[in-house]
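Have a look at my_file.cif below; it lists mmCIF, C-alpha atoms and all ligand atoms.
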```
data_start
loop_
_atom_site.label_atom_id
_atom_site.label_comp_id
_atom_site.auth_asym_id
_atom_site.auth_seq_id
_atom_site.Cartn_x
_atom_site.Cartn_y
_atom_site.Cartn_z
CA MET M 1 0.00 0.00 0.00
CA ARG M 2 1.52 3.28 -1.13
CA ASN M 3 0.81 6.96 -0.83
CA ILE M 4 -0.22 6.78 2.84
CA GLY M 5 -0.61 10.38 4.01
CA ARG M 6 -0.11 9.53 7.65
CA LEU M 7 0.89 6.03 8.72
CA LEU M 8 0.33 5.34 12.43
CA PRO M 9 2.57 2.40 13.36
CA MET M 10 1.39 2.37 17.01
CA SER M 11 4.90 1.74 18.21
CA ASP M 12 5.83 2.24 21.86
CA ALA M 13 5.47 5.97 21.16
CA PRO M 14 1.71 6.53 20.54
CA GLU M 15 2.31 9.84 18.75
CA GLU M 16 4.72 8.43 16.11
CA VAL M 17 3.57 9.21 12.56
CA ILE M 18 5.24 8.35 9.25
CA GLU M 19 4.21 11.02 6.74
CA GLY M 20 4.24 9.73 3.18
CA GLY M 21 4.42 6.09 4.17
CA ALA M 22 4.10 2.69 2.56
CA VAL M 23 3.56 -0.86 3.80
CA ARG M 24 4.45 -4.10 2.06
CA VAL M 25 2.56 -7.26 2.92
CA HIS M 26 3.54 -10.84 2.22
CA ASP M 27 1.62 -14.00 3.16
CA GLY M 28 -0.75 -12.11 5.46
CA ALA M 29 2.03 -10.45 7.45
CA ILE M 30 3.76 -7.07 7.29
CA ALA M 31 7.05 -7.44 5.45
CA TRP M 32 8.20 -3.83 5.17
CA VAL M 33 7.21 -0.42 6.66
CA GLY M 34 8.71 2.96 5.89
CA LEU M 35 8.65 6.04 3.68
CA ASP M 36 7.00 5.55 0.31
CA ARG M 37 10.05 6.98 -1.46
CA ASP M 38 12.26 4.29 0.14
CA LEU M 39 10.01 1.37 -0.83
CA PRO M 40 12.15 -1.24 -2.60
CA PRO M 41 10.67 -2.40 -5.92
CA GLY M 42 8.78 -5.66 -5.65
CA ALA M 43 8.21 -7.99 -8.56
CA ASP M 44 4.51 -8.68 -9.34
CA ALA M 45 3.33 -6.82 -6.23
CA HIS M 46 -0.33 -5.82 -6.24
CA GLU M 47 -0.42 -2.11 -5.38
CA LEU M 48 -3.08 -0.28 -3.40
CA ASP M 49 -3.16 3.53 -3.40
CA ALA M 50 -4.18 5.04 -0.04
CA GLU M 51 -4.62 8.41 -1.80
CA GLY M 52 -3.10 10.33 1.09
CA ARG M 53 -5.36 8.83 3.74
CA VAL M 54 -4.46 7.82 7.30
CA VAL M 55 -3.55 4.15 7.81
CA GLY M 56 -3.18 2.44 11.17
CA PRO M 57 -3.45 -1.10 12.50
CA GLY M 58 -6.92 -2.64 12.72
CA PHE M 59 -8.69 -2.11 16.03
CA VAL M 60 -8.30 -4.71 18.78
CA ASP M 61 -11.52 -4.95 20.82
CA PRO M 62 -10.66 -6.88 24.01
CA HIS M 63 -14.05 -7.09 25.76
CA THR M 64 -17.29 -8.13 24.04
CA HIS M 65 -20.33 -10.31 24.69
CA LEU M 66 -21.16 -10.84 21.04
CA VAL M 67 -23.15 -14.09 21.31
CA TRP M 68 -26.72 -13.38 22.34
CA ALA M 69 -30.33 -13.57 21.21
CA GLY M 70 -33.27 -11.37 22.08
CA SER M 71 -33.57 -7.66 22.74
CA ARG M 72 -33.22 -5.45 25.81
CA ARG M 73 -34.81 -2.37 24.27
CA GLU M 74 -37.45 -2.16 26.99
CA GLU M 75 -34.78 -2.06 29.69
CA PHE M 76 -33.00 0.67 27.75
CA VAL M 77 -36.14 2.77 27.52
CA THR M 78 -36.81 2.22 31.23
CA ARG M 79 -33.32 3.43 32.04
CA LEU M 80 -33.91 6.54 30.00
CA ALA M 81 -36.85 7.15 32.32
CA GLY M 82 -34.49 7.10 35.28
CA GLU M 83 -34.09 3.53 36.53
CA SER M 84 -30.63 2.30 37.57
CA TYR M 85 -28.72 -0.83 36.46
CA ASP M 86 -28.13 -3.79 38.77
CA GLY M 87 -27.23 -6.48 36.25
CA GLY M 88 -30.76 -7.90 36.46
CA GLY M 89 -31.53 -7.51 32.75
CA ILE M 90 -28.97 -10.21 31.95
CA ALA M 91 -31.65 -12.81 32.83
CA THR M 92 -33.77 -11.59 29.89
CA THR M 93 -30.92 -12.27 27.47
CA VAL M 94 -30.14 -15.64 29.10
CA ALA M 95 -33.70 -16.87 28.46
CA ALA M 96 -33.63 -15.79 24.80
CA THR M 97 -30.12 -17.18 24.24
CA ARG M 98 -30.97 -20.59 25.70
CA ALA M 99 -34.03 -20.75 23.46
CA ALA M 100 -32.08 -19.94 20.27
CA SER M 101 -30.45 -22.57 18.07
CA ASP M 102 -26.70 -22.61 17.45
CA ASP M 103 -27.29 -21.43 13.89
CA THR M 104 -29.43 -18.52 15.05
CA LEU M 105 -26.86 -17.47 17.63
CA PHE M 106 -24.14 -17.66 14.99
CA ALA M 107 -26.16 -15.70 12.43
CA PHE M 108 -26.90 -12.84 14.85
CA ALA M 109 -23.31 -12.67 16.13
CA ALA M 110 -21.85 -12.87 12.62
CA GLU M 111 -24.01 -9.94 11.54
CA ARG M 112 -22.65 -7.92 14.46
CA GLY M 113 -19.16 -9.10 13.60
CA ARG M 114 -19.48 -7.89 10.01
CA ARG M 115 -20.52 -4.46 11.29
CA MET M 116 -17.44 -4.47 13.53
CA ILE M 117 -15.08 -5.41 10.73
CA ALA M 118 -16.66 -2.69 8.57
CA ASN M 119 -15.80 -0.30 11.42
CA GLY M 120 -12.16 -1.45 11.40
CA THR M 121 -12.04 -4.15 14.08
CA THR M 122 -9.72 -7.00 13.12
CA THR M 123 -9.13 -8.70 16.49
CA ILE M 124 -11.85 -9.35 19.04
CA GLU M 125 -12.34 -11.06 22.37
CA ILE M 126 -15.77 -12.70 22.75
CA LYS M 127 -17.20 -13.94 26.04
CA THR M 128 -19.86 -16.48 26.81
CA GLY M 129 -22.12 -15.56 29.74
CA TYR M 130 -25.68 -15.78 28.45
CA GLY M 131 -25.99 -19.55 28.69
CA LEU M 132 -25.22 -20.02 32.39
CA THR M 133 -25.51 -23.81 32.39
CA PRO M 134 -22.55 -25.97 31.35
CA GLU M 135 -24.45 -27.13 28.25
CA HIS M 136 -25.39 -23.65 27.04
CA GLU M 137 -22.09 -22.02 27.97
CA LEU M 138 -20.12 -24.67 26.08
CA ARG M 139 -22.31 -24.39 23.00
CA CYS M 140 -21.75 -20.61 23.07
CA LEU M 141 -18.00 -21.39 23.00
CA ASP M 142 -18.66 -23.47 19.88
CA VAL M 143 -20.44 -20.48 18.32
CA ILE M 144 -17.43 -18.29 19.19
CA ALA M 145 -15.09 -20.81 17.56
CA ARG M 146 -17.26 -20.71 14.43
CA LEU M 147 -17.11 -16.89 14.43
CA GLY M 148 -13.32 -17.26 14.43
CA SER M 149 -13.26 -19.66 11.52
CA GLU M 150 -15.99 -18.18 9.29
CA LEU M 151 -15.20 -14.47 9.62
CA PRO M 152 -11.80 -13.15 8.54
CA TRP M 153 -10.64 -11.81 11.90
CA ASN M 154 -8.77 -12.96 15.02
CA VAL M 155 -11.04 -14.23 17.77
CA GLU M 156 -10.12 -14.87 21.40
CA ALA M 157 -12.70 -16.88 23.36
CA THR M 158 -13.50 -16.27 27.02
CA TYR M 159 -15.55 -18.43 29.38
CA LEU M 160 -17.76 -16.13 31.49
CA GLY M 161 -19.97 -18.62 33.29
CA ALA M 162 -19.58 -16.25 36.25
CA HIS M 163 -21.53 -13.45 34.57
CA VAL M 164 -24.38 -13.49 37.08
CA ILE M 165 -26.00 -16.10 39.40
CA PRO M 166 -28.86 -17.48 37.27
CA ASP M 167 -32.39 -17.07 38.57
CA GLY M 168 -33.43 -19.85 40.91
CA ARG M 169 -29.92 -21.22 41.49
CA ASP M 170 -28.19 -21.65 44.84
CA ARG M 171 -25.09 -19.42 44.96
CA SER M 172 -22.53 -21.89 46.20
CA GLU M 173 -23.80 -24.69 43.98
CA TYR M 174 -23.60 -22.41 40.98
CA VAL M 175 -20.04 -21.33 41.78
CA ASP M 176 -19.11 -25.03 42.17
CA GLU M 177 -20.60 -25.67 38.74
CA VAL M 178 -18.63 -22.82 37.14
CA VAL M 179 -15.41 -24.08 38.74
CA ALA M 180 -16.15 -27.59 37.46
CA THR M 181 -16.84 -26.33 33.92
CA VAL M 182 -13.57 -24.41 33.48
CA SER M 183 -11.55 -27.38 32.21
CA GLN M 184 -14.27 -28.28 29.67
CA ALA M 185 -14.29 -24.65 28.53
CA ALA M 186 -10.56 -24.97 27.83
CA VAL M 187 -11.23 -28.04 25.68
CA ARG M 188 -13.94 -26.13 23.76
CA GLY M 189 -11.57 -23.34 22.76
CA ALA M 190 -11.58 -20.84 25.63
CA ARG M 191 -8.26 -19.08 26.16
CA TRP M 192 -9.55 -16.91 29.01
CA VAL M 193 -11.78 -17.03 32.06
CA ASP M 194 -13.59 -13.88 33.20
CA VAL M 195 -15.65 -13.16 36.33
CA PHE M 196 -18.10 -10.29 36.94
CA CYS M 197 -16.61 -9.47 40.35
CA ASP M 198 -18.70 -6.65 41.76
CA GLU M 199 -21.15 -5.62 44.45
CA GLY M 200 -24.21 -7.88 44.32
CA ILE M 201 -22.70 -10.09 41.58
CA PHE M 202 -19.72 -12.39 42.48
CA THR M 203 -17.77 -11.82 45.70
CA LEU M 204 -14.00 -11.60 45.96
CA GLU M 205 -13.88 -15.06 47.55
CA GLU M 206 -16.05 -16.64 44.84
CA THR M 207 -13.92 -14.91 42.22
CA ARG M 208 -10.71 -16.26 43.78
CA ARG M 209 -12.03 -19.82 43.52
CA ILE M 210 -12.90 -19.43 39.85
CA LEU M 211 -9.57 -17.74 39.03
CA ARG M 212 -7.69 -20.56 40.74
CA ALA M 213 -9.57 -23.12 38.65
CA ALA M 214 -8.67 -21.15 35.52
CA ARG M 215 -5.01 -21.11 36.46
CA GLU M 216 -5.07 -24.87 37.10
CA ALA M 217 -6.61 -25.41 33.66
CA GLY M 218 -3.87 -23.32 32.06
CA LEU M 219 -6.21 -20.49 31.06
CA GLY M 220 -5.54 -16.75 31.28
CA THR M 221 -7.73 -14.57 33.48
CA ARG M 222 -9.50 -11.22 33.29
CA LEU M 223 -12.12 -9.50 35.43
CA HIS M 224 -15.11 -7.22 35.21
CA ALA M 225 -14.00 -5.05 38.10
CA GLU M 226 -15.17 -2.03 40.11
CA GLU M 227 -18.04 -1.13 37.74
CA ILE M 228 -20.91 -0.95 40.21
CA ALA M 229 -18.95 -0.19 43.39
CA HIS M 230 -15.43 -0.15 44.84
CA THR M 231 -14.88 -3.74 46.00
CA GLY M 232 -11.13 -4.31 45.77
CA ALA M 233 -11.52 -6.33 42.54
CA ALA M 234 -8.69 -4.34 40.93
CA ASP M 235 -6.34 -5.43 43.74
CA LEU M 236 -7.50 -9.01 43.27
CA ALA M 237 -6.71 -8.77 39.53
CA ALA M 238 -3.24 -7.53 40.48
CA GLN M 239 -2.69 -10.32 43.03
CA PHE M 240 -3.70 -12.96 40.48
CA GLY M 241 -1.78 -11.42 37.61
CA CYS M 242 -4.93 -11.13 35.47
CA ALA M 243 -4.30 -9.90 31.93
CA SER M 244 -6.85 -7.13 32.37
CA ALA M 245 -9.34 -5.55 34.73
CA ASP M 246 -12.23 -3.95 32.88
CA HIS M 247 -14.69 -1.08 33.60
CA LEU M 248 -13.01 0.33 36.75
CA GLU M 249 -15.40 3.26 37.27
CA HIS M 250 -14.85 2.93 41.04
CA VAL M 251 -11.17 1.96 41.15
CA SER M 252 -9.10 3.50 43.95
CA ALA M 253 -5.68 5.08 43.44
CA GLU M 254 -4.26 2.21 45.47
CA GLY M 255 -5.96 -0.38 43.25
CA ALA M 256 -4.68 1.41 40.16
CA ARG M 257 -1.12 1.38 41.50
CA ALA M 258 -1.41 -2.35 42.24
CA MET M 259 -2.59 -2.94 38.65
CA ALA M 260 0.32 -0.94 37.24
CA ALA M 261 2.83 -2.83 39.39
CA SER M 262 1.49 -6.20 38.22
CA GLY M 263 1.10 -5.23 34.57
CA VAL M 264 -2.70 -5.61 34.59
CA VAL M 265 -4.13 -3.69 31.61
CA GLY M 266 -7.07 -1.39 32.40
CA VAL M 267 -9.84 -1.74 29.82
CA LEU M 268 -12.07 1.33 29.60
CA LEU M 269 -15.61 1.02 28.25
CA PRO M 270 -16.96 4.53 27.82
CA THR M 271 -20.04 3.47 25.85
CA VAL M 272 -21.26 1.56 28.93
CA THR M 273 -21.00 4.61 31.12
CA LEU M 274 -22.84 6.58 28.47
CA SER M 275 -25.52 3.94 27.92
CA LEU M 276 -26.12 3.57 31.67
CA ARG M 277 -26.09 7.36 31.99
CA THR M 278 -23.99 7.22 35.16
CA PHE M 279 -21.50 9.66 33.65
CA ALA M 280 -18.75 8.29 35.88
CA PHE M 281 -15.67 9.04 33.81
CA GLY M 282 -13.26 9.76 36.68
CA GLN M 283 -11.29 6.52 36.50
CA TYR M 284 -9.22 7.66 33.54
CA PRO M 285 -6.95 10.15 35.39
CA VAL M 286 -6.62 7.74 38.33
CA LEU M 287 -5.41 4.93 36.04
CA ARG M 288 -3.28 7.18 33.85
CA ASP M 289 -1.52 8.79 36.84
CA ALA M 290 -0.80 5.34 38.29
CA GLY M 291 0.85 4.32 35.01
CA VAL M 292 -1.65 1.59 34.07
CA THR M 293 -1.53 0.46 30.42
CA LEU M 294 -4.94 1.33 29.00
CA ALA M 295 -7.12 -0.30 26.38
CA LEU M 296 -10.48 0.74 24.93
CA SER M 297 -13.31 -1.61 24.06
CA THR M 298 -16.93 -1.62 22.93
CA ASP M 299 -18.15 -4.13 25.56
CA CYS M 300 -20.67 -4.94 22.82
CA ASN M 301 -23.67 -6.45 24.64
CA PRO M 302 -27.45 -6.20 24.41
CA GLY M 303 -28.05 -4.41 27.71
CA THR M 304 -25.45 -1.82 28.56
CA SER M 305 -23.52 -1.15 25.37
CA TRP M 306 -25.06 -2.05 22.04
CA CYS M 307 -22.08 -0.78 20.09
CA GLU M 308 -20.07 -2.32 17.27
CA SER M 309 -17.95 0.72 16.54
CA MET M 310 -14.45 1.20 17.89
CA PRO M 311 -14.29 4.62 16.15
CA TYR M 312 -17.24 5.68 18.30
CA VAL M 313 -15.48 4.37 21.42
CA VAL M 314 -12.36 6.36 20.47
CA GLN M 315 -14.48 9.49 19.97
CA LEU M 316 -16.07 9.09 23.37
CA ALA M 317 -12.76 8.36 25.09
CA CYS M 318 -11.37 11.63 23.79
CA LEU M 319 -14.48 13.66 24.48
CA VAL M 320 -15.47 12.35 27.90
CA TYR M 321 -12.14 11.31 29.43
CA GLY M 322 -10.10 14.03 27.74
CA MET M 323 -7.74 11.42 26.24
CA PRO M 324 -5.38 12.79 23.60
CA VAL M 325 -6.24 11.43 20.13
CA HIS M 326 -3.06 9.38 19.73
CA GLU M 327 -3.37 7.94 23.20
CA ALA M 328 -6.95 6.84 22.46
CA LEU M 329 -5.93 5.29 19.12
CA TRP M 330 -3.05 3.49 20.84
CA ALA M 331 -5.43 2.19 23.54
CA ALA M 332 -7.81 0.97 20.79
CA THR M 333 -5.04 -0.98 19.04
CA ARG M 334 -1.82 -1.70 20.99
CA GLY M 335 -3.64 -1.38 24.31
CA GLY M 336 -6.20 -3.99 23.25
CA ALA M 337 -3.38 -6.25 22.06
CA ALA M 338 -1.72 -5.87 25.48
CA ALA M 339 -5.00 -6.74 27.20
CA LEU M 340 -5.09 -9.96 25.15
CA GLN M 341 -1.33 -10.52 25.55
CA ARG M 342 -0.81 -10.52 21.78
CA SER M 343 2.24 -9.03 20.11
CA ASP M 344 1.19 -9.88 16.52
CA VAL M 345 -1.74 -7.45 16.30
CA GLY M 346 -2.46 -3.80 17.15
CA ARG M 347 0.60 -2.35 15.43
CA ILE M 348 2.19 -1.92 12.03
CA ALA M 349 5.60 -3.53 12.31
CA VAL M 350 7.50 -6.15 10.35
CA GLY M 351 6.22 -9.59 11.32
CA ALA M 352 2.86 -8.39 12.66
CA ARG M 353 -0.33 -9.55 11.00
CA ALA M 354 -1.32 -7.45 8.00
CA ASP M 355 -4.47 -6.10 9.68
CA LEU M 356 -4.83 -2.51 8.56
CA LEU M 357 -7.37 0.22 8.86
CA VAL M 358 -7.67 2.97 6.26
CA LEU M 359 -9.35 6.02 7.75
CA ASP M 360 -11.39 8.07 5.31
CA THR M 361 -9.52 11.27 6.11
CA GLU M 362 -6.11 12.94 5.79
CA HIS M 363 -5.70 13.38 9.56
CA GLU M 364 -6.51 11.05 12.47
CA ALA M 365 -7.87 13.91 14.60
CA ASP M 366 -10.85 13.97 12.22
CA LEU M 367 -11.84 10.53 13.52
CA VAL M 368 -12.74 12.27 16.77
CA ALA M 369 -13.73 15.72 15.51
CA HIS M 370 -16.13 14.52 12.79
CA LEU M 371 -18.98 13.33 14.97
CA GLY M 372 -21.22 10.55 13.77
CA ALA M 373 -19.55 10.20 10.37
CA PRO M 374 -18.42 6.83 8.98
CA ALA M 375 -14.70 6.75 9.76
CA THR M 376 -13.40 3.76 7.83
CA ALA M 377 -12.52 3.73 4.12
CA ALA M 378 -11.31 0.12 4.16
CA THR M 379 -10.43 -2.69 6.52
CA ILE M 380 -7.65 -5.08 5.54
CA VAL M 381 -7.48 -8.38 7.39
CA GLY M 382 -4.57 -10.75 6.94
CA GLY M 383 -3.49 -8.77 3.89
CA ARG M 384 -6.87 -8.92 2.15
CA VAL M 385 -9.23 -5.99 1.62
CA TRP M 386 -12.46 -6.90 3.34
CA THR M 387 -15.68 -6.47 1.41
CA PRO M 388 -18.99 -6.88 3.20
CA PRO M 389 -21.22 -9.62 1.80
CA SER M 390 -24.29 -8.36 0.03
CA GLY M 391 -27.62 -8.63 1.82
CA SER M 392 -28.18 -8.01 5.49
CA THR M 393 -30.52 -9.16 8.18
CA VAL M 394 -32.68 -7.06 10.46
CA ALA M 395 -30.65 -5.23 13.16
CA SER M 396 -29.98 -7.67 15.93
ZN ZN W 1 -18.66 -6.93 29.93
#
```

Before anything else, please render the file you have as C-alpha cells.
Ligand SMILES: [Zn+2]
Amino acid sequence: MRNIGRLLPMSDAPEEVIEGGAVRVHDGAIAWVGLDRDLPPGADAHELDAEGRVVGPGFVDPHTHLVWAGSRREEFVTRLAGESYDGGGIATTVAATRAASDDTLFAFAAERGRRMIANGTTTIEIKTGYGLTPEHELRCLDVIARLGSELPWNVEATYLGAHVIPDGRDRSEYVDEVVATVSQAAVRGARWVDVFCDEGIFTLEETRRILRAAREAGLGTRLHAEEIAHTGAADLAAQFGCASADHLEHVSAEGARAMAASGVVGVLLPTVTLSLRTFAFGQYPVLRDAGVTLALSTDCNPGTSWCESMPYVVQLACLVYGMPVHEALWAATRGGAAALQRSDVGRIAVGARADLLVLDTEHEADLVAHLGAPATAATIVGGRVWTPPSGSTVAS
C-alpha cells in the first residue's frame, strides 16, 4: 500500500507518525514499513493507493459479549426514564439465548461481527455468559469458535460462566458448577476465564475460587472489576496477575497502583457509562496517573452497550475522558493487544499480521472531531481488503 498520508505504526510511542508512508505485505504479514520513497521495488506486487489517507493497525476490541439472542430495548427505555442498572436484565438475554439454536446465535453474532469489521475491528475477544448452564455455555463457546473460523478476523474466546448467578440457582452450587466447567471450557476453545466481580454479583472469595480453577486449567484470566462499586476487585486482579481488569469506574488510586505494578491492563468502556447514563468518567486520570496500560473496548452487549464501533469508542474516550487522540488510538489498538497478551496485532511492524485500517480522512484527529460520520474507508485483514457480503438481516 503506497501513498499513505499519515501512517500510524502504534509503536511504543503513541504519537509516532510516518508522513508519506508505505507498507508491504507478504503472506498475510507485514514485510516492510517505511517512507513511500524508500520502498524497494517488488516484482509482481499488487499495489493499493491510499490516496493520502491515514492508515493504522486494525482495532483490537478486548471485551465483548457478542453471542446473544433477544432484545433489551425495553430495559433501555426504562433506564432513560431514570431507573438504575443492577445487572438484572442479563436474565432476559439468558432466556432468549438458551431458546435460540446454534445457527441462530451464529447468524446474529456474525451480523454484528461484520458491522465491527466494517468499522475497522480486526481482532476481538468474545465472552460467553448468556448460557449459564454448562451445556449452554459450552455451545456458546462453539459459536465463538465458528465466528473465528468463518469471519476473517482474530477471535479470542472467554468463558464467562460467572456473569451473574442465574435465577433460581443456589449461589454456592452455581459457583461449584462454574469451577467444574472451566476445564471443559478450555477443551472447547476458551483461552480466558472472566468473572463479573462486583457488588451484588460475584464476591471476591467466589472470584478467587474461579480464578484458581482457571489457572489450574492453564487459562488466562481477566475481570469485570469495580463497575458498580469499589470492592477491591482491581487489587484481586493484580494479586492474580490477570491480563486485564475492565470497567473500573470505582477503582481506587491504590488499586490502580497495584494494577500498574502487576502489569494488569485497564480496559475502559466509555459506551457503557454513556448507555447507563452514570456519567462516571473519573477513573481515567486515576489509572493514567498510576501508570496503568490502558485499552479501549466496545463491551458490545445487548443491555449496557449495544455498540459495534471502535471509532465511536475512540471518539467518546477523547471527548469524555479528555484522552489525547493518539493515546486513544493506541489504547484501541496496541492497548487492546496488550489486554489480550498478543504481540502480533495492534501495530504496524515487520512480522505483525497485516491487519490494517484505512481512515477516510487525511488526519486522524478527524476521527474524533467529525462526529457521527463513517470513519473507515477500508479494513484489511490478513493482507486482504475486506468487502462486506451483500444482503443483510434485520438489526440484531
Ligand atoms: Zn462486559

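Closest to Trp192 in chain M among M:Thr278, M:Gln341, M:Thr231, M:Thr78 is M:Gln341, based on all atoms listed in the file.
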
Counting only C-alpha atoms and all ligand atoms, the option among M:Ala186, M:Leu219, M:Ala100, M:Ala162 closest to ligand ZN 1 (chain W) = M:Ala162

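Distances here use only C-alpha atoms; by that measure, the residue among M:Ala99, M:Gly189, M:Pro270, M:Gln315 closest to Ala369 in chain M is M:Gln315.
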
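Near Thr158 in chain M, within 8 Å and counting only C-alpha atoms, sit Glu125, Ile126, Lys127, Thr128, Leu141, Ala190, Arg191, Trp192, Val193 and Asp194 of chain M, not including residues fewer than 3 positions from it in the same chain.
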
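Nearest-residue note for Trp306 in chain M: choosing from M:Thr122, M:Ser262, M:Ser183, M:Thr64, the minimum distance belongs to M:Thr64, counting only C-alpha atoms.
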
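Between CA of Leu236 in chain M and CA of Ala256 in chain M there is a distance of 11.2 Å.
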
Residues at most 12 Å from Ala81 in chain M, counting only C-alpha atoms, excluding those fewer than 6 positions away in the same chain, as JSON, numbers by chain?
-> {"M": [74, 75, 276, 277]}

Please identify every polymer residue within 12 Å of ligand ZN 1 (chain W), using only C-alpha atoms and all ligand atoms, and present the set as a PyMOL selection string.
-> chain M and resi 61-66+87+90+125-130+158-160+162-164+194-198+222-227+245-248+267-273+297-306

Neighbouring residues of Pro285 in chain M were defined as those with any atom within 10 Å, considering only C-alpha atoms; residues of the same chain fewer than 5 positions away were excluded. Please report them as a short mmCIF file (atom, residue, chain, number, x, y, z; two decimals) with C-alpha atoms, in the frame of the given file.
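Writing done, so here's around.cif:
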```cif
data_model
loop_
_atom_site.label_atom_id
_atom_site.label_comp_id
_atom_site.auth_asym_id
_atom_site.auth_seq_id
_atom_site.Cartn_x
_atom_site.Cartn_y
_atom_site.Cartn_z
CA ALA M 253 -5.68 5.08 43.44
CA ALA M 290 -0.80 5.34 38.29
CA GLY M 291 0.85 4.32 35.01
CA TYR M 321 -12.14 11.31 29.43
CA GLY M 322 -10.10 14.03 27.74
CA MET M 323 -7.74 11.42 26.24
#
```

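Of the listed residues (M:Ala238, M:Ile228, M:Val265, M:Ala107), M:Ala238 comes nearest to Arg208 in chain M; the distances count all atoms listed in the file.
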
Would you kindly return, as a PyMOL selection string, each protein, DNA or RNA residue with an atom no farther than 8 Å from any atom of Ser252 in chain M, considering all atoms listed in the file and excluding same-chain residues fewer than 2 positions away?
-> chain M and resi 230+250+254-256+286

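For the choices M:Ala69, M:Leu35, M:Val381, M:Val55, the atom-to-atom distance to Leu367 in chain M is smallest for M:Val55 when using only C-alpha atoms.
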
Neighbour list for Ala354 in chain M as number ranges by chain, cut-off 12 Å, only C-alpha atoms, skip fewer than 4 positions in-chain = M: 1, 9, 23-33, 55-58, 122-123, 152-154, 344-350, 379-385

Nearby residues, (-20.1, -24.2, 44.0) file frame, 12 Å, all atoms listed in the file, as a PyMOL selection string = chain M and resi 162+165+169-181+202+205-207+209-210+213
